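With mmCIF, C-alpha atoms and all ligand atoms inside, this is start33.cif:
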```cif
data_input
#
loop_
_atom_site.label_atom_id
_atom_site.label_comp_id
_atom_site.auth_asym_id
_atom_site.auth_seq_id
_atom_site.Cartn_x
_atom_site.Cartn_y
_atom_site.Cartn_z
CA MET A 1 -5.09 -28.01 23.27
CA ASN A 2 -8.17 -26.65 25.01
CA SER A 3 -11.50 -28.18 24.06
CA LYS A 4 -13.08 -24.98 22.56
CA LEU A 5 -10.12 -24.48 20.21
CA LYS A 6 -10.24 -28.17 19.28
CA THR A 7 -13.99 -27.89 18.44
CA LEU A 8 -13.39 -24.78 16.32
CA LEU A 9 -10.53 -26.44 14.41
CA LEU A 10 -12.67 -29.52 13.84
CA ALA A 11 -15.57 -27.35 12.56
CA CYS A 12 -13.23 -25.52 10.19
CA ALA A 13 -11.75 -28.80 8.97
CA ALA A 14 -15.25 -30.21 8.45
CA ALA A 15 -16.31 -27.05 6.61
CA ALA A 16 -13.18 -27.22 4.42
CA THR A 17 -13.92 -30.89 3.63
CA LEU A 18 -17.46 -29.95 2.65
CA GLY A 19 -16.19 -27.02 0.57
CA ILE A 20 -17.78 -24.36 2.82
CA SER A 21 -15.70 -21.19 3.15
CA THR A 22 -15.18 -19.50 6.52
CA GLN A 23 -16.78 -16.41 4.91
CA ALA A 24 -19.95 -18.44 4.20
CA LEU A 25 -19.88 -19.76 7.77
CA SER A 26 -19.66 -16.24 9.21
CA GLN A 27 -22.48 -15.04 6.91
CA ALA A 28 -24.63 -17.93 8.08
CA ALA A 29 -23.88 -17.04 11.71
CA PHE A 30 -24.70 -13.33 11.15
CA PRO A 31 -25.34 -11.59 13.47
CA ASP A 32 -23.35 -12.97 16.37
CA ARG A 33 -22.68 -9.62 18.07
CA PRO A 34 -24.39 -6.20 18.40
CA ILE A 35 -24.94 -4.09 15.27
CA ALA A 36 -24.30 -0.32 15.11
CA LEU A 37 -26.94 1.86 13.44
CA VAL A 38 -25.26 5.20 12.70
CA VAL A 39 -27.41 8.35 12.88
CA PRO A 40 -25.87 11.44 11.23
CA PHE A 41 -27.45 13.99 13.60
CA ALA A 42 -27.49 14.67 17.34
CA ALA A 43 -29.26 12.43 19.82
CA GLY A 44 -32.76 13.52 20.76
CA GLY A 45 -33.65 14.77 17.26
CA PRO A 46 -36.05 13.36 14.67
CA THR A 47 -33.63 11.03 12.80
CA ASP A 48 -32.45 9.70 16.14
CA ALA A 49 -36.11 9.19 17.17
CA VAL A 50 -36.84 7.09 14.06
CA ALA A 51 -33.62 5.08 14.50
CA ARG A 52 -34.38 4.29 18.14
CA MET A 53 -38.00 3.42 17.31
CA ILE A 54 -36.95 0.74 14.80
CA ALA A 55 -33.72 -0.44 16.49
CA ILE A 56 -35.58 -2.52 19.09
CA PRO A 57 -37.86 -4.50 16.72
CA MET A 58 -34.96 -4.90 14.25
CA GLY A 59 -32.82 -6.28 17.07
CA LYS A 60 -35.62 -8.66 18.02
CA ALA A 61 -35.88 -9.93 14.46
CA LEU A 62 -32.10 -10.36 14.20
CA GLY A 63 -31.61 -11.85 17.66
CA GLN A 64 -28.97 -9.20 18.49
CA THR A 65 -29.00 -5.70 19.91
CA VAL A 66 -29.05 -2.84 17.39
CA LEU A 67 -27.20 0.07 19.02
CA VAL A 68 -27.82 3.62 17.81
CA GLU A 69 -24.62 5.67 17.39
CA ASN A 70 -24.70 9.42 16.68
CA ALA A 71 -21.93 10.80 14.44
CA VAL A 72 -22.73 14.46 13.85
CA GLY A 73 -21.58 17.29 11.61
CA ALA A 74 -21.77 18.88 8.15
CA GLY A 75 -25.45 18.12 7.55
CA GLY A 76 -24.94 14.36 7.91
CA THR A 77 -22.01 14.06 5.48
CA ILE A 78 -19.41 13.24 8.17
CA ALA A 79 -21.36 10.15 9.26
CA ALA A 80 -22.01 9.11 5.65
CA ALA A 81 -18.26 9.27 4.89
CA LYS A 82 -17.49 7.27 8.05
CA VAL A 83 -19.97 4.53 7.13
CA ALA A 84 -18.73 4.46 3.51
CA ARG A 85 -15.28 3.51 4.89
CA GLY A 86 -16.74 1.03 7.44
CA ALA A 87 -16.20 -2.75 7.35
CA PRO A 88 -18.67 -4.33 4.89
CA ASN A 89 -19.82 -7.07 7.24
CA GLY A 90 -23.32 -6.01 8.31
CA TYR A 91 -22.25 -4.75 11.73
CA THR A 92 -22.33 -1.10 10.61
CA LEU A 93 -25.61 0.27 9.23
CA PHE A 94 -26.61 3.82 8.39
CA ILE A 95 -29.91 5.66 8.47
CA HIS A 96 -30.17 9.01 6.70
CA HIS A 97 -32.87 11.17 5.19
CA MET A 98 -33.10 12.99 1.87
CA GLY A 99 -29.83 14.78 2.71
CA MET A 100 -28.23 11.75 1.05
CA SER A 101 -29.62 13.02 -2.28
CA THR A 102 -28.86 16.73 -1.82
CA ALA A 103 -25.27 16.34 -0.54
CA PRO A 104 -23.66 15.72 -3.98
CA ALA A 105 -24.90 19.11 -5.22
CA LEU A 106 -24.51 21.00 -1.92
CA TYR A 107 -20.92 19.98 -1.14
CA LYS A 108 -18.15 20.69 -3.65
CA LYS A 109 -15.90 18.18 -1.91
CA LEU A 110 -17.72 15.10 -0.68
CA ALA A 111 -15.79 12.21 0.91
CA PHE A 112 -18.34 9.62 -0.31
CA ASP A 113 -20.47 8.85 -3.33
CA PRO A 114 -24.10 7.97 -2.44
CA LEU A 115 -24.39 5.91 -5.63
CA LYS A 116 -21.08 4.01 -5.40
CA ASP A 117 -20.12 3.58 -1.75
CA PHE A 118 -23.19 1.91 -0.24
CA GLU A 119 -25.41 -1.11 -0.36
CA TYR A 120 -29.12 -0.27 -0.11
CA ILE A 121 -31.39 -1.90 2.44
CA GLY A 122 -34.67 -0.06 1.99
CA GLN A 123 -36.70 3.09 2.48
CA VAL A 124 -37.80 3.67 6.05
CA VAL A 125 -40.37 6.41 6.66
CA ASP A 126 -41.78 9.62 5.14
CA VAL A 127 -42.14 12.51 7.60
CA PRO A 128 -43.80 15.93 7.14
CA MET A 129 -42.49 19.10 8.80
CA THR A 130 -43.89 21.98 10.84
CA LEU A 131 -42.90 25.65 11.03
CA LEU A 132 -42.42 26.57 14.70
CA ALA A 133 -41.46 29.50 16.87
CA ARG A 134 -40.41 29.92 20.47
CA LYS A 135 -43.49 30.12 22.67
CA ASP A 136 -43.18 33.84 23.41
CA PHE A 137 -42.40 34.94 19.83
CA PRO A 138 -44.74 37.92 19.18
CA PRO A 139 -46.65 36.94 15.96
CA ALA A 140 -49.80 35.06 16.99
CA ASN A 141 -50.49 33.45 13.60
CA PHE A 142 -49.03 33.02 10.12
CA SER A 143 -50.30 36.31 8.69
CA GLU A 144 -48.82 38.18 11.67
CA LEU A 145 -45.59 36.25 11.15
CA GLN A 146 -45.43 37.39 7.51
CA ALA A 147 -45.93 41.04 8.54
CA TYR A 148 -43.38 40.72 11.38
CA ILE A 149 -40.73 39.19 9.13
CA LYS A 150 -41.25 41.94 6.52
CA THR A 151 -40.41 44.62 9.10
CA GLN A 152 -37.79 42.77 11.21
CA GLY A 153 -35.91 40.97 8.37
CA ASN A 154 -32.72 39.32 9.51
CA LYS A 155 -33.25 40.32 13.14
CA VAL A 156 -35.38 37.16 13.14
CA SER A 157 -33.32 34.00 13.72
CA LEU A 158 -34.04 30.68 12.04
CA ALA A 159 -32.31 27.57 13.45
CA ASN A 160 -31.31 24.57 11.34
CA ALA A 161 -29.17 21.44 11.49
CA GLY A 162 -26.52 22.53 8.98
CA LEU A 163 -26.10 22.60 5.21
CA GLY A 164 -28.08 19.74 3.72
CA ALA A 165 -30.25 19.15 6.78
CA VAL A 166 -33.95 19.17 5.95
CA SER A 167 -34.50 21.99 8.44
CA HIS A 168 -32.06 23.96 6.27
CA LEU A 169 -33.85 23.07 3.02
CA CYS A 170 -37.26 23.85 4.52
CA GLY A 171 -35.91 27.19 5.81
CA LEU A 172 -34.46 28.03 2.38
CA LEU A 173 -37.77 27.29 0.69
CA PHE A 174 -39.60 29.43 3.26
CA MET A 175 -37.21 32.38 2.86
CA SER A 176 -37.34 32.12 -0.93
CA GLN A 177 -41.18 32.07 -1.04
CA MET A 178 -41.31 34.95 1.47
CA GLY A 179 -38.59 36.87 -0.40
CA VAL A 180 -36.60 37.50 2.81
CA GLU A 181 -33.21 36.65 4.28
CA LEU A 182 -33.35 35.58 7.94
CA ASN A 183 -30.47 35.10 10.36
CA THR A 184 -29.86 31.34 10.03
CA ILE A 185 -28.15 29.57 12.94
CA PRO A 186 -26.78 26.02 12.45
CA PHE A 187 -26.75 23.26 15.08
CA SER A 188 -25.53 19.64 15.01
CA GLY A 189 -29.12 18.43 14.73
CA THR A 190 -32.62 19.70 15.37
CA GLY A 191 -32.46 18.03 18.82
CA PRO A 192 -30.11 20.80 20.05
CA ALA A 193 -31.83 23.36 17.78
CA MET A 194 -35.13 22.51 19.49
CA ASN A 195 -33.52 22.96 22.92
CA ALA A 196 -32.45 26.44 21.80
CA LEU A 197 -36.02 27.18 20.62
CA LEU A 198 -37.49 25.92 23.91
CA GLY A 199 -34.92 28.01 25.79
CA GLY A 200 -35.88 31.12 23.77
CA GLN A 201 -32.40 31.52 22.23
CA VAL A 202 -33.67 31.31 18.62
CA ASP A 203 -36.96 32.46 17.07
CA LEU A 204 -37.95 29.97 14.36
CA LEU A 205 -37.32 26.35 13.38
CA CYS A 206 -38.69 24.13 10.63
CA ASP A 207 -38.66 20.58 12.00
CA GLN A 208 -40.08 17.10 11.47
CA THR A 209 -43.26 15.84 13.14
CA THR A 210 -41.30 12.92 14.61
CA GLN A 211 -39.95 15.50 17.05
CA THR A 212 -42.53 18.28 17.04
CA VAL A 213 -46.03 16.78 17.49
CA PRO A 214 -45.79 16.20 21.29
CA LEU A 215 -44.26 19.66 21.83
CA ILE A 216 -47.03 21.33 19.78
CA LYS A 217 -49.74 19.37 21.62
CA ASP A 218 -48.24 20.35 24.99
CA GLY A 219 -48.16 24.02 23.93
CA ARG A 220 -44.40 24.23 24.49
CA VAL A 221 -43.81 25.81 21.06
CA LYS A 222 -45.85 28.03 18.75
CA VAL A 223 -46.83 26.47 15.40
CA TYR A 224 -47.55 28.46 12.22
CA GLY A 225 -48.21 25.67 9.75
CA VAL A 226 -47.46 22.22 8.41
CA THR A 227 -45.45 21.57 5.25
CA SER A 228 -47.81 18.99 3.72
CA LEU A 229 -50.38 20.00 1.09
CA ASN A 230 -53.18 18.57 3.26
CA ARG A 231 -53.66 18.95 7.03
CA LEU A 232 -52.21 16.22 9.23
CA SER A 233 -54.38 13.84 11.24
CA ALA A 234 -52.04 14.34 14.23
CA LEU A 235 -52.52 18.14 14.09
CA PRO A 236 -55.97 18.69 12.52
CA ASN A 237 -56.27 22.30 13.71
CA VAL A 238 -52.93 23.41 12.29
CA PRO A 239 -53.33 24.87 8.78
CA THR A 240 -50.94 24.02 5.97
CA LEU A 241 -48.52 26.71 4.78
CA ASN A 242 -50.01 26.13 1.32
CA GLU A 243 -53.54 27.09 2.44
CA GLN A 244 -52.15 30.18 4.17
CA GLY A 245 -50.72 31.64 0.99
CA LEU A 246 -47.36 29.87 0.42
CA LYS A 247 -48.71 28.18 -2.70
CA GLY A 248 -47.30 24.72 -3.38
CA PHE A 249 -45.15 24.76 -0.22
CA GLU A 250 -44.46 21.09 0.39
CA VAL A 251 -41.63 19.29 2.20
CA LYS A 252 -41.84 15.61 3.06
CA VAL A 253 -38.73 13.93 4.38
CA TRP A 254 -37.92 10.44 3.12
CA HIS A 255 -35.42 8.17 4.92
CA GLY A 256 -33.31 5.21 3.83
CA MET A 257 -31.13 2.54 5.42
CA TYR A 258 -27.68 1.71 4.00
CA ALA A 259 -24.63 -0.49 4.61
CA PRO A 260 -21.04 -0.10 3.37
CA LYS A 261 -20.44 -1.25 -0.23
CA GLY A 262 -19.47 -4.90 -0.40
CA THR A 263 -21.64 -6.10 2.49
CA PRO A 264 -22.49 -9.69 1.41
CA ALA A 265 -25.93 -10.30 -0.14
CA PRO A 266 -27.02 -12.98 2.42
CA VAL A 267 -26.26 -10.51 5.25
CA LEU A 268 -28.16 -7.70 3.48
CA GLU A 269 -31.14 -10.02 3.04
CA LYS A 270 -31.26 -10.68 6.80
CA ILE A 271 -31.04 -6.95 7.57
CA ASN A 272 -33.75 -6.14 5.02
CA ALA A 273 -36.04 -8.80 6.52
CA ALA A 274 -35.47 -7.26 9.98
CA LEU A 275 -36.22 -3.75 8.67
CA ARG A 276 -39.44 -4.99 7.03
CA ALA A 277 -40.42 -6.73 10.29
CA ALA A 278 -39.75 -3.50 12.23
CA MET A 279 -41.89 -1.47 9.82
CA GLN A 280 -44.77 -3.90 10.42
CA ASP A 281 -44.36 -3.92 14.19
CA PRO A 282 -47.70 -2.75 15.70
CA MET A 283 -45.98 -0.36 18.17
CA VAL A 284 -43.90 1.25 15.40
CA LYS A 285 -46.97 1.56 13.14
CA GLN A 286 -49.01 3.19 15.91
CA ARG A 287 -46.21 5.52 16.97
CA LEU A 288 -45.59 6.69 13.40
CA ALA A 289 -49.32 7.12 12.76
CA ASP A 290 -49.53 9.30 15.91
CA LEU A 291 -46.80 11.47 14.38
CA SER A 292 -48.51 11.63 10.94
CA SER A 293 -45.49 9.86 9.43
CA ASP A 294 -45.99 7.30 6.66
CA ILE A 295 -44.49 3.85 6.32
CA PRO A 296 -43.54 3.38 2.65
CA PRO A 297 -45.22 0.59 0.66
CA MET A 298 -43.45 -2.77 1.11
CA ASP A 299 -41.97 -2.68 -2.43
CA LYS A 300 -40.07 0.48 -1.40
CA ILE A 301 -38.62 -1.16 1.73
CA THR A 302 -36.25 -3.02 -0.58
CA PRO A 303 -32.72 -2.37 -1.91
CA ALA A 304 -34.12 -1.65 -5.41
CA GLY A 305 -36.86 0.60 -3.98
CA LEU A 306 -34.32 2.75 -2.12
CA LYS A 307 -31.76 2.85 -4.96
CA THR A 308 -34.33 3.91 -7.57
CA HIS A 309 -35.68 6.60 -5.26
CA LEU A 310 -32.21 7.90 -4.35
CA GLU A 311 -31.21 8.14 -8.04
CA ALA A 312 -34.41 10.03 -8.88
CA GLU A 313 -33.94 12.42 -5.93
CA ILE A 314 -30.29 13.13 -6.84
CA SER A 315 -31.43 14.01 -10.37
CA LYS A 316 -34.25 16.19 -8.99
CA TRP A 317 -32.24 18.17 -6.42
CA GLY A 318 -28.96 18.63 -8.35
CA PRO A 319 -30.26 21.25 -10.82
CA VAL A 320 -32.43 23.01 -8.19
CA ILE A 321 -29.45 23.47 -5.83
CA LYS A 322 -27.09 24.50 -8.63
CA LYS A 323 -29.62 27.08 -9.83
CA ALA A 324 -30.00 28.45 -6.29
CA GLY A 325 -26.18 28.69 -6.04
CA ILE A 326 -25.97 27.25 -2.50
CA TYR A 327 -22.94 25.11 -1.66
CA ALA A 328 -20.14 24.50 0.79
CA ASP A 329 -16.44 24.15 -0.11
C1 LIG B 401 -32.08 15.62 12.92
O1 LIG B 401 -32.25 14.44 13.18
O2 LIG B 401 -31.48 16.39 13.69
C2 LIG B 401 -32.68 16.18 11.66
O3 LIG B 401 -33.06 15.19 10.78
C3 LIG B 401 -31.88 17.28 11.12
C4 LIG B 401 -32.45 17.92 9.89
O4 LIG B 401 -32.17 17.38 8.83
O5 LIG B 401 -33.09 18.96 9.96
#
```

As a first step, turn the structure in this file into structure tokens.
Ligand code: MLT
Amino acid sequence: MNSKLKTLLLACAAAATLGISTQALSQAAFPDRPIALVVPFAAGGPTDAVARMIAIPMGKALGQTVLVENAVGAGGTIAAAKVARGAPNGYTLFIHHMGMSTAPALYKKLAFDPLKDFEYIGQVVDVPMTLLARKDFPPANFSELQAYIKTQGNKVSLANAGLGAVSHLCGLLFMSQMGVELNTIPFSGTGPAMNALLGGQVDLLCDQTTQTVPLIKDGRVKVYGVTSLNRLSALPNVPTLNEQGLKGFEVKVWHGMYAPKGTPAPVLEKINAALRAAMQDPMVKQRLADLSSDIPPMDKITPAGLKTHLEAEISKWGPVIKKAGIYAD
């Protein structure tokens, strides 16, 4: 018998004598290999940016690499279903935004239940949005945009990241307040949607500051407004849509981190501690502040904080979406 096998058998025998289960041993050793953090949208977009920003400090805290994996499609619901069926051992984690709370009302057939199929790790970050156009789009400001849209109607294209993406919800809110129907074009994330905007293939996009602030500052896109009620410190000269006449227009995108249902409590505690450490990392704090994105209070970066918020958001969005009559089969 080789010596490694002998040592392992002796450790198991000793553990059995002491009444320690192999499950408890593996939970104590967690993590002993890399962890996958699944992102439900394309690489290079805002959710991907947040995931990659926190993966490194989380990995440092856990002593293992946290690898970002993109699983795209259907506004994030394909990835959510995949994670819901994943092994509940802590090696598969999931980061998603408020689409987790709108999916039950938006999709008639959903292959997961946000309230039954996951363990909750904590809220992650709150991100405002910006209404953008390709650089050479004719309207020079928001009032010109309103006039242009009134005459051009659905000749104007509006990109989004699919049903349930926040770019989709923001676009719906914009069209409903403007009383117009634009030509909406879905992508697998606002990473590719942004490439289409930069390439001049689409006219408008509503997207999160975690992707848009550097592009606005570099003048690579045209900006018409921010979706917060107050101006953003990162973009002090950009007016809010609210102050430009879209009264009450507000979209702020919350994010949460999840694991498959049944992931053991000691493992979840280690992951939560790593998430909290990442959210206090000076580089992460500075980077998010530069993007006018808020780190939630520490009592929200908890399983209970996320679960309570998710439940409240599902109750809030369900009736709104049903009333609007938007859903996929
Ligand atoms: C992304 O990461 O592509 C976005 O979060 C998509 C969206 O919801 O608009």

Find the residues of chain A that sit at most 9 Å from ligand LIG 401 (chain B); for each, write down the nearest two atoms and how far apart they are in Å, to one decimal. Count only C-alpha atoms and all ligand atoms. Sort by chain, then by number going up, and give it as a tab-separated table.
```
residue	atom	partner	partner_atom	distance
A:Val39	CA	B:LIG401	O1	7.8
A:Pro40	CA	B:LIG401	O1	7.3
A:Phe41	CA	B:LIG401	O2	4.7
A:Ala42	CA	B:LIG401	O2	5.7
A:Ala43	CA	B:LIG401	O1	7.6
A:Gly44	CA	B:LIG401	O1	7.7
A:Gly45	CA	B:LIG401	O1	4.3
A:Pro46	CA	B:LIG401	O1	4.2
A:Thr47	CA	B:LIG401	O1	3.7
A:Asp48	CA	B:LIG401	O1	5.6
A:Ala49	CA	B:LIG401	O1	7.6
A:Val50	CA	B:LIG401	O1	8.7
A:Val72	CA	B:LIG401	O2	9.0
A:Gly75	CA	B:LIG401	O4	6.9
A:Gly76	CA	B:LIG401	O4	7.9
A:His96	CA	B:LIG401	O3	7.9
A:His97	CA	B:LIG401	O3	6.9
A:Met98	CA	B:LIG401	O4	8.3
A:Gly99	CA	B:LIG401	O4	7.0
A:Asn160	CA	B:LIG401	O5	6.0
A:Ala161	CA	B:LIG401	O5	4.9
A:Gly162	CA	B:LIG401	O5	7.5
A:Leu163	CA	B:LIG401	O4	8.8
A:Gly164	CA	B:LIG401	O4	7.0
A:Ala165	CA	B:LIG401	O4	3.3
A:Val166	CA	B:LIG401	O4	3.8
A:Ser167	CA	B:LIG401	O5	3.7
A:His168	CA	B:LIG401	O5	6.3
A:Leu169	CA	B:LIG401	O5	8.1
A:Cys170	CA	B:LIG401	O5	8.4
A:Phe187	CA	B:LIG401	O2	8.5
A:Ser188	CA	B:LIG401	O2	6.9
A:Gly189	CA	B:LIG401	O2	3.3
A:Thr190	CA	B:LIG401	O2	3.9
A:Gly191	CA	B:LIG401	O2	5.5
A:Pro192	CA	B:LIG401	O2	7.9
A:Ala193	CA	B:LIG401	O2	8.1
A:Cys206	CA	B:LIG401	O5	7.7
A:Asp207	CA	B:LIG401	O5	6.1
A:Gln208	CA	B:LIG401	O3	7.3
A:Gln211	CA	B:LIG401	O1	8.7
A:Val253	CA	B:LIG401	O3	8.6
```

Please indicate the distance in Å from atom CA of A:Pro266 to atom CA of A:Pro114, rounded to one decimal place.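 Here the two named atoms are 21.7 Å from each other.
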
Which distance in Å separates atom CA of A:Ile295 and atom CA of A:Leu37, to one decimal? 19.0 Å

Nearest residue to A:Ala133 out of A:Lys109, A:Lys60, A:Arg52, A:Lys222, using only C-alpha atoms?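 Smallest separation from A:Ala133 among the options: A:Lys222.
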
Considering all atoms listed in the file, return as a VMD selection string whatever protein or nucleic-acid residues lie within 9 Å of stretch 274-290 of chain A, sequence-local ones (same chain, fewer than 5 positions apart) excluded. chain A and resid 50 53 to 62 121 to 122 124 to 125 127 210 213 233 to 234 257 269 295 to 296 298 301 to 302

Can you find the residues with an atom no farther than 9 Å from (-23.6, 17.8, -4.9), counting all atoms listed in the file, and report them as a list in words?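 Collected hits near the coordinates: Ser101, Thr102, Ala103, Pro104, Ala105, Leu106, Tyr107, Lys108, Lys109, Leu110, Ile314, Trp317, Gly318, Ile321, Lys322 and Tyr327 of chain A.
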
Tell me, in Å to one decimal, how far atom CA of A:Pro138 is from atom CA of A:Ser293.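 Going from atom CA of A:Pro138 over to atom CA of A:Ser293 covers 29.7 Å.
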
Write out as an NGL selection string which residues come within 9 Å of stretch 79-84 of chain A when counting all atoms listed in the file, dropping same-chain ones fewer than 5 positions away. :A and (38-41 or 70-74 or 92-94 or 96 or 100 or 110-114 or 117-118 or 258-261)

I'd like the contact shell of stretch 147-159 of chain A - 6 Å cut-off, all atoms listed in the file, skipping same-chain residues fewer than 5 positions apart - returned as a PyMOL selection string. chain A and resi 181-186+202-205

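The shortest atom-to-atom distance to A:Pro128, with only C-alpha atoms taken into account, belongs to A:Lys252 out of A:Lys252, A:Arg231, A:Arg85, A:His309.
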
Determine, counting only C-alpha atoms, which protein, DNA and RNA residues have an atom within 10 Å of an atom of A:Tyr91; residues of the same chain fewer than 4 positions away are not included. Present the result as a list in words. Phe30, Pro31, Asp32, Arg33, Pro34, Ile35, Ala36, Leu37, Val66, Gly86, Ala87, Ala259, Pro260, Thr263, Val267 and Ile271 of chain A

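Each of A:Ala140, A:Leu132, A:Leu197, A:Ala273 was checked against A:Thr209 using all atoms listed in the file; the smallest atom-to-atom distance is that of A:Leu132.
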